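Colleague: There's a structure below that I have some questions on.
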Amino acid sequence: MLVELSIRNFAIIDHVTVPFEEGLTVLTGETGAGKSIIIDAIGLLIGGRGSVEFVRHGSKRAEIEGLFSIDDHREVDNLLRDLGIEISEDGMVVIRREITKQGKSICRINGKLVTLATLRQAGQLLVDIHGQHEHQQLLQVDRHLFLLDRYAEDELKDPKEEYSSLYNRYVKTKKQYRQLSENEQQTAQRLDLIRYQLNEIESASLKPDEDEELGAEKQKLGNSEALYQRVHDSYQAMYGENKGLEWIMVAVNQMEEAAELDPALKDVQETITNCYYLLEESSFTLSDYVENIEFNPERLNDIESRLNEINTLRRKYGENVNAILEYASRIEEEVETLENKDEHLQKWASDLEAIQKDLMVEAKHLSEIRKQQAKKLTADIQGELKALYMEKAKFEVAFHDGSDSHFTKDGTDDVEFMVSTNQGEPLKPLVKVASGGEISRIILALKSILASHEGVTSLIFDEVDTGVSGRVAQAIARKIHHISEGSQVLCITHLPQVAAMADTHLFIAKGEREGRVTTEVTPLTEREKVEEIGRMISGAEMTELTRRHAEELIEQAEETKIAK
């Protein structure tokens with residue numbers, strides 16, 4: 001959910017910070033006060049198209065920052081972790097976007113710079129904005145299959161995993177077959193190239209980790225004189241007459257006599273004795289090391305030559321010897337494949353046919369489940385539309401005929417949401433429904449069913465209740481609040497019925513600061529909420545009757561919430 005929004009130098013907004021709560025938050029105010037500007041700011045924050053026009057006059061940049069809580073939101077969590085973005089233990093994510101007056105856009109998630117495409121990808125999982133004519137995902141036909149699958153997520157989980165596994169094999173085998181089926185000239189050219197490469201690598205007679213071993217030996221040989229001097233001096237300091245070990249032996253002998261006089265010194269005596277023998281053993285090791293140090297310029301030259309040869313191969317075939325050998329292994333297999341092209345083509349054609357048959361079985365199984373679940377979704381949507389006083393409306397998930405052999409990562413199904421709003425009228429694509437009031441109710445019906453399946457943390461309705469009144473307005477108010485029980489909902493409204501259902505009521509008004517118009521956001525108290533709803537009912541003049549009407553609306557709304 002959106003926990004807090006901070007806006008600075010955006011349009012007519014100087015600076016405003018708005019905290020948000022769970023449940024339903026309504027934003028009301030006079031036309032032109034800046035309600036939609038706040039929604040525009042949120043839209044920009046989640047990846048919307050920017051413009052220099054958003055930068056407040058006289059400012060260098062517009063700044064928008066949002067604090068989101070993503071507890072239990074697996075998709076957002078996985079996406080951010082894949083991007084290497086750290087998430088706090090309390091599941092909080094800060095998204096920030098700046099637009100300069102030159103039009104440059106700067107995006108950050110938890111302080112890390114990201115591209116606008118990445119910001120948009122994360123933003124679409126966090127917030128879904130719906131305006132009367134901006135229905136985003138629900139009106140995008142290519143999203144309908146995704147939404148149906150979300151609705152049927154539990155039933156489709158295992159079948160989709162089976163299908164995906166087969167589909168990946170199908171794509172890989174088909175790619176191999178297509179590449180091998182290329183024209184003879186391309187095949188011959190490829191074969192000549194990889195034969196040359198394989199011969200070049202094999203001629204070098206590389207050994208695993210050879211480059212690392214040679215590098216270590218080169219370093220040792222190149223520093224042999226310095227090593228000899230330091231190790232020799234260290235040995236001389238310890239071993240010999242009047243050297244370190246001889247003086248430590250004096251200490252050992254003295255401490256043995258002292259320990260006999262005072263047993264409390266026994267531990268110290270043993271420690272000194274152990275150290276003497278350890279140092280003596282180390283001095284023998286140093287003596288052997290000094291005797292075996294090799295001064296061999298010829299060997300150093302051989303190593304340099306070999307490393308130069310390896311570096312030439314590294315520039316062509318891999319970052320180290322092991323990578324070069326892995327590449328050689330791959331092209332060796334490819335050489336064998338191309339040399340026996342007809343045999344492999346026949347095998348892959350047979351494999352492809354077998355996988356296609358299995359894939360078709362799994363695709364049909366997916367389709368059967370989807371069609372069963374589509375009937376349930378249709379029934380659920382019909383019930384929601386009836387509650388919104390659209391008893392004559394019909395909803396259907398249409399499955400368009402497609403090629404049985406046209407496999408996609410989701411199967412072979414092509415679906416679209418269809419609607420008829422008047423009795424006797426044929427079903428039409430959802431995108432072609434014309435009436436604003438009807439669109440509002442259809443969107444709410446779909447959202448009411450799908451909100452818990454879409455995975456977004458916040459839903460924003462920007463005047464989706466336009467064009468309705470009376471009992472329909474009351475039904476829409478109940479439906480919006482019902483959706484807010486499963487997702488955070490922010491709603492700009494001019495309907496008093498919707499405002500009365502709010503868990504949090506924010507009043508948007510124009511103010512003046514330092515001689516300039518600005519937008520101010522004020523959370524309303526219960527008393528102020530009554531006054532604002534009264535204004536929404538009657539306009540500018542507030543009468544006692546209007547106040548009582550507003551109070552009754554709020555009381556009815558509270559009773560509706562309790563009844564649920």
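Chain labels follow the order of the structure tokens: the first chain is A, the next B, and so on; residue numbering restarts at 1 in every chain, and ligands are counted from 1 in their shown order.
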Which polymer residues have any atom within 10 Å of an atom of Val397 in chain A, counting only C-alpha atoms, with same-chain residues fewer than 4 positions away left out, as a ChimeraX atom specification?
Modeller: /A:144-145,148,370-371,373-375,377-378,415-419,429
Colleague: Identify, on the basis of only C-alpha atoms, every residue whose closest approach to Ser420 in chain A does not exceed 7 Å; exclude the query and any residue fewer than 2 positions from it along the same chain; express the result as number ranges by chain.
Modeller: A: 393-395, 422, 425-428
Colleague: Residues of range 498-553 of chain A in strand (DSSP E) according to DSSP, as a PyMOL selection string?
Modeller: chain A and resi 504-513+516-523
Colleague: Measuring between only C-alpha atoms, which one of A:Ser69, A:Gln102, A:Ala41, A:Lys112 shows the shortest distance to Leu83 in chain A?
Modeller: A:Lys112
Colleague: Find the residues near Ala445 in chain A: any atom within 10 Å, counting only C-alpha atoms, skip ones fewer than 3 places away on the same chain, and give them as a PDB file with all heavy atoms, in the first residue's frame.
Modeller:
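Below is the file out-v5.pdb, written as the result:
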```pdb
ATOM      1  N   ASP A 380     -19.824 -14.681 -11.441  1.00  0.00           N
ATOM      2  CA  ASP A 380     -19.466 -13.714 -10.397  1.00  0.00           C
ATOM      3  C   ASP A 380     -19.658 -12.280 -10.883  1.00  0.00           C
ATOM      4  O   ASP A 380     -20.198 -11.436 -10.160  1.00  0.00           O
ATOM      5  CB  ASP A 380     -17.998 -13.914  -9.982  1.00  0.00           C
ATOM      6  CG  ASP A 380     -17.807 -15.183  -9.158  1.00  0.00           C
ATOM      7  OD1 ASP A 380     -18.806 -15.732  -8.673  1.00  0.00           O
ATOM      8  OD2 ASP A 380     -16.639 -15.615  -9.020  1.00  0.00           O
ATOM      9  N   ILE A 381     -19.227 -12.011 -12.114  1.00  0.00           N
ATOM     10  CA  ILE A 381     -19.374 -10.656 -12.660  1.00  0.00           C
ATOM     11  C   ILE A 381     -20.845 -10.305 -12.836  1.00  0.00           C
ATOM     12  O   ILE A 381     -21.267  -9.173 -12.542  1.00  0.00           O
ATOM     13  CB  ILE A 381     -18.625 -10.527 -14.009  1.00  0.00           C
ATOM     14  CG1 ILE A 381     -17.114 -10.685 -13.801  1.00  0.00           C
ATOM     15  CG2 ILE A 381     -18.933  -9.188 -14.671  1.00  0.00           C
ATOM     16  CD1 ILE A 381     -16.476  -9.610 -12.968  1.00  0.00           C
ATOM     17  N   GLN A 382     -21.635 -11.263 -13.309  1.00  0.00           N
ATOM     18  CA  GLN A 382     -23.073 -11.006 -13.474  1.00  0.00           C
ATOM     19  C   GLN A 382     -23.703 -10.618 -12.132  1.00  0.00           C
ATOM     20  O   GLN A 382     -24.533  -9.706 -12.057  1.00  0.00           O
ATOM     21  CB  GLN A 382     -23.773 -12.252 -14.021  1.00  0.00           C
ATOM     22  CG  GLN A 382     -23.440 -12.587 -15.454  1.00  0.00           C
ATOM     23  CD  GLN A 382     -24.086 -11.633 -16.467  1.00  0.00           C
ATOM     24  OE1 GLN A 382     -23.732 -11.627 -17.627  1.00  0.00           O
ATOM     25  NE2 GLN A 382     -25.042 -10.828 -16.040  1.00  0.00           N
ATOM     26  N   GLY A 383     -23.272 -11.300 -11.069  1.00  0.00           N
ATOM     27  CA  GLY A 383     -23.802 -10.964  -9.751  1.00  0.00           C
ATOM     28  C   GLY A 383     -23.410  -9.568  -9.319  1.00  0.00           C
ATOM     29  O   GLY A 383     -24.224  -8.832  -8.739  1.00  0.00           O
ATOM     30  N   GLU A 384     -22.179  -9.186  -9.612  1.00  0.00           N
ATOM     31  CA  GLU A 384     -21.725  -7.842  -9.268  1.00  0.00           C
ATOM     32  C   GLU A 384     -22.479  -6.779 -10.063  1.00  0.00           C
ATOM     33  O   GLU A 384     -22.860  -5.737  -9.524  1.00  0.00           O
ATOM     34  CB  GLU A 384     -20.218  -7.710  -9.521  1.00  0.00           C
ATOM     35  CG  GLU A 384     -19.346  -8.571  -8.637  1.00  0.00           C
ATOM     36  CD  GLU A 384     -19.379  -8.136  -7.188  1.00  0.00           C
ATOM     37  OE1 GLU A 384     -19.602  -6.936  -6.939  1.00  0.00           O
ATOM     38  OE2 GLU A 384     -19.190  -8.994  -6.313  1.00  0.00           O
ATOM     39  N   LEU A 385     -22.707  -7.033 -11.349  1.00  0.00           N
ATOM     40  CA  LEU A 385     -23.439  -6.069 -12.183  1.00  0.00           C
ATOM     41  C   LEU A 385     -24.888  -5.918 -11.707  1.00  0.00           C
ATOM     42  O   LEU A 385     -25.437  -4.813 -11.728  1.00  0.00           O
ATOM     43  CB  LEU A 385     -23.413  -6.521 -13.649  1.00  0.00           C
ATOM     44  CG  LEU A 385     -22.040  -6.457 -14.349  1.00  0.00           C
ATOM     45  CD1 LEU A 385     -22.136  -7.027 -15.755  1.00  0.00           C
ATOM     46  CD2 LEU A 385     -21.517  -5.027 -14.393  1.00  0.00           C
ATOM     47  N   LYS A 386     -25.476  -7.022 -11.268  1.00  0.00           N
ATOM     48  CA  LYS A 386     -26.842  -6.957 -10.749  1.00  0.00           C
ATOM     49  C   LYS A 386     -26.893  -6.065  -9.510  1.00  0.00           C
ATOM     50  O   LYS A 386     -27.823  -5.265  -9.340  1.00  0.00           O
ATOM     51  CB  LYS A 386     -27.333  -8.362 -10.419  1.00  0.00           C
ATOM     52  CG  LYS A 386     -28.787  -8.409  -9.972  1.00  0.00           C
ATOM     53  CD  LYS A 386     -29.233  -9.851  -9.745  1.00  0.00           C
ATOM     54  CE  LYS A 386     -30.706  -9.891  -9.318  1.00  0.00           C
ATOM     55  NZ  LYS A 386     -31.159 -11.291  -9.078  1.00  0.00           N
ATOM     56  N   ALA A 387     -25.880  -6.204  -8.637  1.00  0.00           N
ATOM     57  CA  ALA A 387     -25.828  -5.377  -7.429  1.00  0.00           C
ATOM     58  C   ALA A 387     -25.639  -3.909  -7.763  1.00  0.00           C
ATOM     59  O   ALA A 387     -25.956  -3.038  -6.947  1.00  0.00           O
ATOM     60  CB  ALA A 387     -24.694  -5.865  -6.524  1.00  0.00           C
ATOM     61  N   LEU A 388     -25.133  -3.636  -8.968  1.00  0.00           N
ATOM     62  CA  LEU A 388     -24.919  -2.259  -9.417  1.00  0.00           C
ATOM     63  C   LEU A 388     -26.055  -1.794 -10.335  1.00  0.00           C
ATOM     64  O   LEU A 388     -25.894  -0.858 -11.108  1.00  0.00           O
ATOM     65  CB  LEU A 388     -23.567  -2.149 -10.147  1.00  0.00           C
ATOM     66  CG  LEU A 388     -22.335  -2.290  -9.242  1.00  0.00           C
ATOM     67  CD1 LEU A 388     -21.077  -2.480 -10.077  1.00  0.00           C
ATOM     68  CD2 LEU A 388     -22.188  -1.076  -8.342  1.00  0.00           C
ATOM     69  N   ILE A 439     -19.577   2.209 -18.079  1.00  0.00           N
ATOM     70  CA  ILE A 439     -18.164   1.847 -17.948  1.00  0.00           C
ATOM     71  C   ILE A 439     -17.766   1.844 -16.473  1.00  0.00           C
ATOM     72  O   ILE A 439     -17.084   0.931 -16.000  1.00  0.00           O
ATOM     73  CB  ILE A 439     -17.277   2.840 -18.729  1.00  0.00           C
ATOM     74  CG1 ILE A 439     -17.472   2.641 -20.235  1.00  0.00           C
ATOM     75  CG2 ILE A 439     -15.811   2.655 -18.365  1.00  0.00           C
ATOM     76  CD1 ILE A 439     -16.693   3.612 -21.075  1.00  0.00           C
ATOM     77  N   SER A 440     -18.221   2.857 -15.726  1.00  0.00           N
ATOM     78  CA  SER A 440     -17.875   2.945 -14.310  1.00  0.00           C
ATOM     79  C   SER A 440     -18.308   1.688 -13.568  1.00  0.00           C
ATOM     80  O   SER A 440     -17.553   1.111 -12.782  1.00  0.00           O
ATOM     81  CB  SER A 440     -18.556   4.160 -13.677  1.00  0.00           C
ATOM     82  OG  SER A 440     -18.145   5.350 -14.298  1.00  0.00           O
ATOM     83  N   ARG A 441     -19.534   1.261 -13.817  1.00  0.00           N
ATOM     84  CA  ARG A 441     -20.064   0.098 -13.081  1.00  0.00           C
ATOM     85  C   ARG A 441     -19.411  -1.205 -13.531  1.00  0.00           C
ATOM     86  O   ARG A 441     -19.149  -2.093 -12.713  1.00  0.00           O
ATOM     87  CB  ARG A 441     -21.585   0.037 -13.243  1.00  0.00           C
ATOM     88  CG  ARG A 441     -22.299   1.067 -12.379  1.00  0.00           C
ATOM     89  CD  ARG A 441     -23.789   1.033 -12.545  1.00  0.00           C
ATOM     90  NE  ARG A 441     -24.213   1.715 -13.765  1.00  0.00           N
ATOM     91  CZ  ARG A 441     -25.447   1.711 -14.230  1.00  0.00           C
ATOM     92  NH1 ARG A 441     -26.394   1.035 -13.599  1.00  0.00           N
ATOM     93  NH2 ARG A 441     -25.757   2.373 -15.323  1.00  0.00           N
ATOM     94  N   ILE A 442     -19.137  -1.323 -14.826  1.00  0.00           N
ATOM     95  CA  ILE A 442     -18.477  -2.543 -15.307  1.00  0.00           C
ATOM     96  C   ILE A 442     -17.074  -2.643 -14.724  1.00  0.00           C
ATOM     97  O   ILE A 442     -16.642  -3.712 -14.289  1.00  0.00           O
ATOM     98  CB  ILE A 442     -18.442  -2.564 -16.850  1.00  0.00           C
ATOM     99  CG1 ILE A 442     -19.866  -2.721 -17.400  1.00  0.00           C
ATOM    100  CG2 ILE A 442     -17.563  -3.699 -17.353  1.00  0.00           C
ATOM    101  CD1 ILE A 442     -19.971  -2.478 -18.885  1.00  0.00           C
ATOM    102  N   SER A 448     -14.023  -5.557  -8.393  1.00  0.00           N
ATOM    103  CA  SER A 448     -14.498  -6.197  -7.174  1.00  0.00           C
ATOM    104  C   SER A 448     -14.139  -7.674  -7.152  1.00  0.00           C
ATOM    105  O   SER A 448     -13.782  -8.232  -6.115  1.00  0.00           O
ATOM    106  CB  SER A 448     -16.023  -6.037  -7.062  1.00  0.00           C
ATOM    107  OG  SER A 448     -16.488  -6.578  -5.855  1.00  0.00           O
ATOM    108  N   ILE A 449     -14.191  -8.317  -8.328  1.00  0.00           N
ATOM    109  CA  ILE A 449     -13.865  -9.748  -8.428  1.00  0.00           C
ATOM    110  C   ILE A 449     -12.362  -9.959  -8.542  1.00  0.00           C
ATOM    111  O   ILE A 449     -11.790 -10.860  -7.921  1.00  0.00           O
ATOM    112  CB  ILE A 449     -14.568 -10.370  -9.658  1.00  0.00           C
ATOM    113  CG1 ILE A 449     -16.085 -10.279  -9.502  1.00  0.00           C
ATOM    114  CG2 ILE A 449     -14.128 -11.820  -9.839  1.00  0.00           C
ATOM    115  CD1 ILE A 449     -16.639 -11.017  -8.313  1.00  0.00           C
ATOM    116  N   LEU A 450     -11.699  -9.106  -9.335  1.00  0.00           N
ATOM    117  CA  LEU A 450     -10.312  -9.377  -9.691  1.00  0.00           C
ATOM    118  C   LEU A 450      -9.281  -8.680  -8.810  1.00  0.00           C
ATOM    119  O   LEU A 450      -8.098  -9.000  -8.896  1.00  0.00           O
ATOM    120  CB  LEU A 450     -10.058  -8.957 -11.144  1.00  0.00           C
ATOM    121  CG  LEU A 450     -10.865  -9.721 -12.200  1.00  0.00           C
ATOM    122  CD1 LEU A 450     -10.628  -9.099 -13.571  1.00  0.00           C
ATOM    123  CD2 LEU A 450     -10.482 -11.193 -12.219  1.00  0.00           C
ATOM    124  N   ALA A 451      -9.711  -7.738  -7.970  1.00  0.00           N
ATOM    125  CA  ALA A 451      -8.748  -6.950  -7.192  1.00  0.00           C
ATOM    126  C   ALA A 451      -7.803  -7.828  -6.386  1.00  0.00           C
ATOM    127  O   ALA A 451      -6.601  -7.595  -6.328  1.00  0.00           O
ATOM    128  CB  ALA A 451      -9.479  -5.984  -6.264  1.00  0.00           C
ATOM    129  N   ILE A 476     -22.605   2.020  -6.111  1.00  0.00           N
ATOM    130  CA  ILE A 476     -21.191   2.216  -6.439  1.00  0.00           C
ATOM    131  C   ILE A 476     -20.384   2.493  -5.171  1.00  0.00           C
ATOM    132  O   ILE A 476     -19.269   1.978  -5.003  1.00  0.00           O
ATOM    133  CB  ILE A 476     -21.030   3.358  -7.458  1.00  0.00           C
ATOM    134  CG1 ILE A 476     -21.445   2.870  -8.849  1.00  0.00           C
ATOM    135  CG2 ILE A 476     -19.608   3.900  -7.477  1.00  0.00           C
ATOM    136  CD1 ILE A 476     -21.334   3.906  -9.933  1.00  0.00           C
ATOM    137  N   LYS A 479     -19.787  -0.689  -3.428  1.00  0.00           N
ATOM    138  CA  LYS A 479     -18.864  -1.536  -4.164  1.00  0.00           C
ATOM    139  C   LYS A 479     -17.421  -1.050  -3.999  1.00  0.00           C
ATOM    140  O   LYS A 479     -16.497  -1.860  -3.822  1.00  0.00           O
ATOM    141  CB  LYS A 479     -19.239  -1.541  -5.651  1.00  0.00           C
ATOM    142  CG  LYS A 479     -18.541  -2.605  -6.471  1.00  0.00           C
ATOM    143  CD  LYS A 479     -18.837  -4.006  -5.951  1.00  0.00           C
ATOM    144  CE  LYS A 479     -20.329  -4.322  -5.994  1.00  0.00           C
ATOM    145  NZ  LYS A 479     -20.612  -5.651  -5.398  1.00  0.00           N
ATOM    146  N   ILE A 480     -17.222   0.267  -4.068  1.00  0.00           N
ATOM    147  CA  ILE A 480     -15.872   0.801  -3.883  1.00  0.00           C
ATOM    148  C   ILE A 480     -15.348   0.452  -2.502  1.00  0.00           C
ATOM    149  O   ILE A 480     -14.187   0.056  -2.334  1.00  0.00           O
ATOM    150  CB  ILE A 480     -15.856   2.327  -4.117  1.00  0.00           C
ATOM    151  CG1 ILE A 480     -16.085   2.636  -5.608  1.00  0.00           C
ATOM    152  CG2 ILE A 480     -14.530   2.933  -3.651  1.00  0.00           C
ATOM    153  CD1 ILE A 480     -16.178   4.122  -5.921  1.00  0.00           C
ATOM    154  N   ILE A 483     -14.297  -3.183  -2.334  1.00  0.00           N
ATOM    155  CA  ILE A 483     -12.973  -3.405  -2.935  1.00  0.00           C
ATOM    156  C   ILE A 483     -11.874  -2.993  -1.956  1.00  0.00           C
ATOM    157  O   ILE A 483     -10.834  -3.648  -1.859  1.00  0.00           O
ATOM    158  CB  ILE A 483     -12.842  -2.620  -4.257  1.00  0.00           C
ATOM    159  CG1 ILE A 483     -13.840  -3.163  -5.291  1.00  0.00           C
ATOM    160  CG2 ILE A 483     -11.426  -2.702  -4.813  1.00  0.00           C
ATOM    161  CD1 ILE A 483     -13.932  -2.328  -6.553  1.00  0.00           C
TER     162      ILE A 483
END
```
Colleague: Got a sec: who's within 9 Å of Ile39 in chain A, counting only C-alpha atoms, leaving out chain neighbours fewer than 6 positions off, as an MDAnalysis selection string?
Modeller: chainID A and resid 129 460 462 492
Colleague: Could those selected residues go to a file with N, CA and C atoms, as a PDB file, in the first residue's frame?
Modeller:
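Below is the file that was written, selection19.pdb:
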```
ATOM      1  N   ILE A 129      -4.183   2.758 -11.602  1.00  0.00           N
ATOM      2  CA  ILE A 129      -4.990   3.985 -11.674  1.00  0.00           C
ATOM      3  C   ILE A 129      -6.087   3.820 -12.705  1.00  0.00           C
ATOM      4  N   ILE A 460      -6.534   3.184  -7.526  1.00  0.00           N
ATOM      5  CA  ILE A 460      -6.948   4.584  -7.554  1.00  0.00           C
ATOM      6  C   ILE A 460      -8.072   4.744  -8.563  1.00  0.00           C
ATOM      7  N   ASP A 462     -10.234   7.579 -10.320  1.00  0.00           N
ATOM      8  CA  ASP A 462     -10.292   9.016 -10.581  1.00  0.00           C
ATOM      9  C   ASP A 462     -11.619   9.351 -11.246  1.00  0.00           C
ATOM     10  N   ILE A 492     -11.070   9.755  -6.027  1.00  0.00           N
ATOM     11  CA  ILE A 492     -11.536  11.129  -6.238  1.00  0.00           C
ATOM     12  C   ILE A 492     -13.011  11.047  -6.615  1.00  0.00           C
TER      13      ILE A 492
END
```
Colleague: Fewer than 4 positions away in the same chain doesn't count, so skip those; otherwise give me all residues within 8 Å of Pro496 in chain A, counting only C-alpha atoms, as a ChimeraX atom specification.
Modeller: /A:500,533-534,536-537,550,553
Colleague: Please determine, counting only C-alpha atoms, which residue among A:Glu332, A:Glu463, A:Asp14, A:Asp77 has the shortest atom-to-atom distance to Val26 in chain A.
Modeller: A:Glu463
Colleague: List the spatial neighbours of Val521 in chain A as a ChimeraX atom specification - criterion: any atom at most 12 Å away, only C-alpha atoms, same-chain residues fewer than 5 positions off excluded.
Modeller: /A:5-7,13-20,26-29,33-35,37-38,505-511
Colleague: Which of range 87-249 of chain A counts as helix (DSSP H, G or I) under DSSP, as a PyMOL selection string please?
Modeller: chain A and resi 116-126+136-139+141-151+153-180+184-203+210-222+224-238+244-249
